[in-house]
Amino acid sequence: MSRDVLGSWWREGVIYQIYPRSFADSNGDGIGDLTGITERLDYLSWLGVDAVWLNPIMPSPNADWGYDVADYCDVHPDLGTLADLDRLVAAAGERGMAVLLDLVPNHTSDRHAWFAESRSSRDAARRDWYVWADPARDGSPPSNWVSVFGGPAWTLDGATGQYYLHNFLPEQPDLNWWSEAVRSAFDDVLRFWFERGIAGFRIDVAHAMIKDRELRDNPSAEDSDDAHDQRLGQRQVYNMHRPEVHELHRRLRSVADGFDPPRVLLGETWARTLEDWALYYGDDDELQLNFNFPFAFAPLQASGLRSLVEATEHVVPAASWPVWTLSNHDIGRFPSRLAGGDERKARCALLILLTLRGTPVLYYGDEIGMLDGGVSQEQARDPVGRDPARTPMQWSAEEGAGFTTPGIEPWLPVGDAPGRSVAAQRDDPGSMLSFCRRLIELRRESEDLRAGAYRSLPAPLGVWAWQRGEGTTVAVNLWGRPATLEGVSGAVLAGTRAEREGEQVTGGVTLRAWEGVLLENRGE
């Protein structure tokens, strides 16, 4: 694989997501920062990842911890400076790693200069940069839209007598992407960062950027709708998921493709069906990568996962490329959410993630089986309870977990560092960290794993097995009793139990409960 960190590395590489406030604190203030990330790049190089994606680093009052952006072209002082970011990008490039940033184009902070001007009067130059509307006849909001975080999605601005839209917190007013000025402003934002060597963006709520021009009421949720719509009581078909959003992604892609080499766009796209999800690739002219959330939320069950991956392979456009993840800053950590703290199950999930056809995205700590942390009500920072997935990286068992200076209180409490840490696992060949590193190494060495086709294989109840390329087989037993997969042969290159590595398999392989193996068979 080419190690060109600004080329098409994303088709074969591994992306590592970092929540900057929780990765490494370089200055002893209890908050992770860009310099801390730079100081840990040798670890990421040793692990073998090809890129780091940083959750928002831009200035923000932190009503939604960086997802309420106050300036799209600078760095939050808690995290460092533009010079610190430049040093990080350069140091990563020296190690063959790309750097991606989070882009939040759906909304800004209410403290952004754009919104301050927009709300100053109905005649303000940037009034139409945001979604403003008159009250209904009875003074109520213009439509029945509700916020993802609960309550109405509209707030009345007393000074101008109109409501502004916020699909999230009231401190996060939605931009009006029908405005050509907004579109041009984001062209400039992308170019600003791309010219600094940023390799691409993960685009926050990429499905929600544009709204129904007529602000029509959403229909009520139905029994067949997903849990999200049922929780809100309505199907979000007019304030999100608009067909016009694809025009916006084509425009962003044209900016990304205007650089040599092209930059990558990775979308957070919540879609009701896989067919809708696949639309965000366009005709290879929208997003290059597109998170598959049905996969991330699917239980660790063989038949369901097999069907979901087969369906994904069926709908993803021929020129496009899947992307897979199991954890992130919003949905929690998979060793807790899917594996219930059972390391056998977590290893099976990691084996799946790193051997499917597509680009895997690891969330910091996935490689050590890091669990959601315990955060009391008094310690909570996030308005909707996502703190447990954002606790500090567990580098060691010492006080501060190697994340911050001993004696300094971190911004969120440290989780089970004595039970799971990089220091405890790095030199242990049987550890989850060593297993993860081995799988990443095999991806880099194997054309089958990097680019080979996916094909499901016949398997007994509870087992999911597939072939990659010409000679690589993966099998995982996802239930609580042993099972034998017939008709496979080869050498075990990696297994959820380290002692099986190097084992020769002929005609079939027996797997213990919650065990998986990766086999290579090159024939005669």
# chains A, B, ... in the order shown; residues from 1 in each chain; ligands from 1
call {"tool": "residues_around", "arguments": {"residues": "A:Gln394", "least_positions_apart": "6", "cutoff": "8 Å", "atoms": "only C-alpha atoms", "output": "PyMOL selection string"}}
result
chain A and resi 365+370+401-403+414-417+420-422
call {"tool": "select_by_dssp", "arguments": {"residues": "stretch 267-382 of chain A", "states": "strand (DSSP E)", "output": "PyMOL selection string"}}
result
chain A and resi 267+289-290+323-325+359-363
call {"tool": "select_by_dssp", "arguments": {"residues": "stretch 93-139 of chain A", "states": "helix (DSSP H, G or I)", "output": "number ranges by chain"}}
result
A: 93-94, 113-118, 127-129
call {"tool": "residues_around", "arguments": {"residues": "A:Leu371", "least_positions_apart": "4", "cutoff": "8 Å", "atoms": "only C-alpha atoms", "output": "list in words"}}
result
Arg333, Phe334, Pro335, Ser336, Gly341, Ala389, Gly415 and Asp416 of chain A
call {"tool": "closest_residue", "arguments": {"among": "A:Gly200, A:Pro383, A:Pro243, A:Pro294", "to": "A:Phe259", "atoms": "only C-alpha atoms"}}
result
A:Gly200
call {"tool": "residues_around", "arguments": {"residues": "A:Cys436", "least_positions_apart": "3", "cutoff": "10 Å", "atoms": "only C-alpha atoms", "output": "list in words"}}
result
Leu47, Gly48, Arg347, Leu350, Leu351, Leu354, Asp366, Glu367, Ile368, Gly369, Ser431, Met432, Leu433, Leu439, Ile440, Glu441, Leu442, Ala494 and Thr496 of chain A
call {"tool": "residues_around", "arguments": {"residues": "A:Asp330", "least_positions_apart": "2", "cutoff": "9 Å", "atoms": "only C-alpha atoms", "output": "number ranges by chain"}}
result
A: 327-328, 332, 386-387, 389-390
call {"tool": "write_last_selection", "arguments": {"atoms": "C-alpha atoms", "output": "PDB file, in the first residue's frame"}}
result
ATOM      1  CA  SER A 327     -17.437   2.815  18.842  1.00  0.00           C
ATOM      2  CA  ASN A 328     -17.393   6.585  18.859  1.00  0.00           C
ATOM      3  CA  GLY A 332     -20.333   4.532  23.316  1.00  0.00           C
ATOM      4  CA  ARG A 386     -22.293  10.823  26.531  1.00  0.00           C
ATOM      5  CA  ASP A 387     -19.403  11.364  28.975  1.00  0.00           C
ATOM      6  CA  ALA A 389     -17.493   7.188  26.127  1.00  0.00           C
ATOM      7  CA  ARG A 390     -15.174  10.204  26.417  1.00  0.00           C
TER       8      ARG A 390
END
call {"tool": "atom_distance", "arguments": {"atom1": "atom CA of A:Asp188", "atom2": "atom CA of A:Leu82"}}
result
16.8 Å
call {"tool": "closest_residue", "arguments": {"among": "A:Leu252, A:Val14, A:Leu338, A:Leu266", "to": "A:Gly358", "atoms": "only C-alpha atoms"}}
result
A:Val14
call {"tool": "closest_residue", "arguments": {"among": "A:Pro105, A:Tyr281, A:Ala423, A:Pro135", "to": "A:Ile210", "atoms": "only C-alpha atoms"}}
result
A:Pro105
call {"tool": "atom_distance", "arguments": {"atom1": "atom CA of A:Ile198", "atom2": "atom CA of A:Lys211"}}
result
29.0 Å
call {"tool": "atom_distance", "arguments": {"atom1": "atom CA of A:Val237", "atom2": "atom CA of A:Pro219"}}
result
7.8 Å
call {"tool": "closest_residue", "arguments": {"among": "A:Pro299, A:Gly516, A:Pro418, A:Pro360", "to": "A:Cys348", "atoms": "only C-alpha atoms"}}
result
A:Gly516
call {"tool": "closest_residue", "arguments": {"among": "A:Ala459, A:Ala424, A:Leu412, A:Leu326", "to": "A:Trp395", "atoms": "only C-alpha atoms"}}
result
A:Ala424
call {"tool": "closest_residue", "arguments": {"among": "A:Glu343, A:Asp71, A:Asp123, A:Asp86", "to": "A:Arg111", "atoms": "only C-alpha atoms"}}
result
A:Asp71
call {"tool": "residues_around", "arguments": {"residues": "A:Ala63", "least_positions_apart": "4", "cutoff": "10 Å", "atoms": "only C-alpha atoms", "output": "PyMOL selection string"}}
result
chain A and resi 67-69+109-110+169-172+381-383
call {"tool": "write_last_selection", "arguments": {"atoms": "N, CA and C atoms", "output": "PDB file, in the first residue's frame"}}
result
ATOM      1  N   TYR A  67     -18.940  20.844  19.196  1.00  0.00           N
ATOM      2  CA  TYR A  67     -19.882  20.781  18.082  1.00  0.00           C
ATOM      3  C   TYR A  67     -20.753  22.026  18.002  1.00  0.00           C
ATOM      4  N   ASP A  68     -20.394  23.040  18.781  1.00  0.00           N
ATOM      5  CA  ASP A  68     -20.971  24.382  18.646  1.00  0.00           C
ATOM      6  C   ASP A  68     -19.798  25.314  18.330  1.00  0.00           C
ATOM      7  N   VAL A  69     -19.487  25.426  17.044  1.00  0.00           N
ATOM      8  CA  VAL A  69     -18.265  26.079  16.584  1.00  0.00           C
ATOM      9  C   VAL A  69     -18.445  27.595  16.584  1.00  0.00           C
ATOM     10  N   SER A 109     -22.115  27.776  16.732  1.00  0.00           N
ATOM     11  CA  SER A 109     -22.437  28.269  18.069  1.00  0.00           C
ATOM     12  C   SER A 109     -23.272  29.546  17.940  1.00  0.00           C
ATOM     13  N   ASP A 110     -24.113  29.797  18.939  1.00  0.00           N
ATOM     14  CA  ASP A 110     -24.822  31.084  18.934  1.00  0.00           C
ATOM     15  C   ASP A 110     -23.881  32.242  19.218  1.00  0.00           C
ATOM     16  N   LEU A 169     -29.051  21.816  20.379  1.00  0.00           N
ATOM     17  CA  LEU A 169     -29.270  22.734  21.492  1.00  0.00           C
ATOM     18  C   LEU A 169     -29.678  24.121  20.989  1.00  0.00           C
ATOM     19  N   PRO A 170     -30.375  24.906  21.803  1.00  0.00           N
ATOM     20  CA  PRO A 170     -30.659  26.296  21.409  1.00  0.00           C
ATOM     21  C   PRO A 170     -29.392  27.103  21.142  1.00  0.00           C
ATOM     22  N   GLU A 171     -28.274  26.690  21.752  1.00  0.00           N
ATOM     23  CA  GLU A 171     -26.992  27.367  21.513  1.00  0.00           C
ATOM     24  C   GLU A 171     -26.346  26.962  20.192  1.00  0.00           C
ATOM     25  N   GLN A 172     -27.053  26.140  19.383  1.00  0.00           N
ATOM     26  CA  GLN A 172     -26.517  25.645  18.118  1.00  0.00           C
ATOM     27  C   GLN A 172     -27.485  25.979  16.971  1.00  0.00           C
ATOM     28  N   ARG A 381     -20.300  16.335  32.215  1.00  0.00           N
ATOM     29  CA  ARG A 381     -20.059  17.549  31.423  1.00  0.00           C
ATOM     30  C   ARG A 381     -21.012  17.656  30.231  1.00  0.00           C
ATOM     31  N   ASP A 382     -21.382  16.523  29.668  1.00  0.00           N
ATOM     32  CA  ASP A 382     -22.162  16.529  28.433  1.00  0.00           C
ATOM     33  C   ASP A 382     -23.645  16.711  28.732  1.00  0.00           C
ATOM     34  N   PRO A 383     -24.347  17.536  27.951  1.00  0.00           N
ATOM     35  CA  PRO A 383     -25.765  17.808  28.237  1.00  0.00           C
ATOM     36  C   PRO A 383     -26.681  16.609  28.041  1.00  0.00           C
TER      37      PRO A 383
END
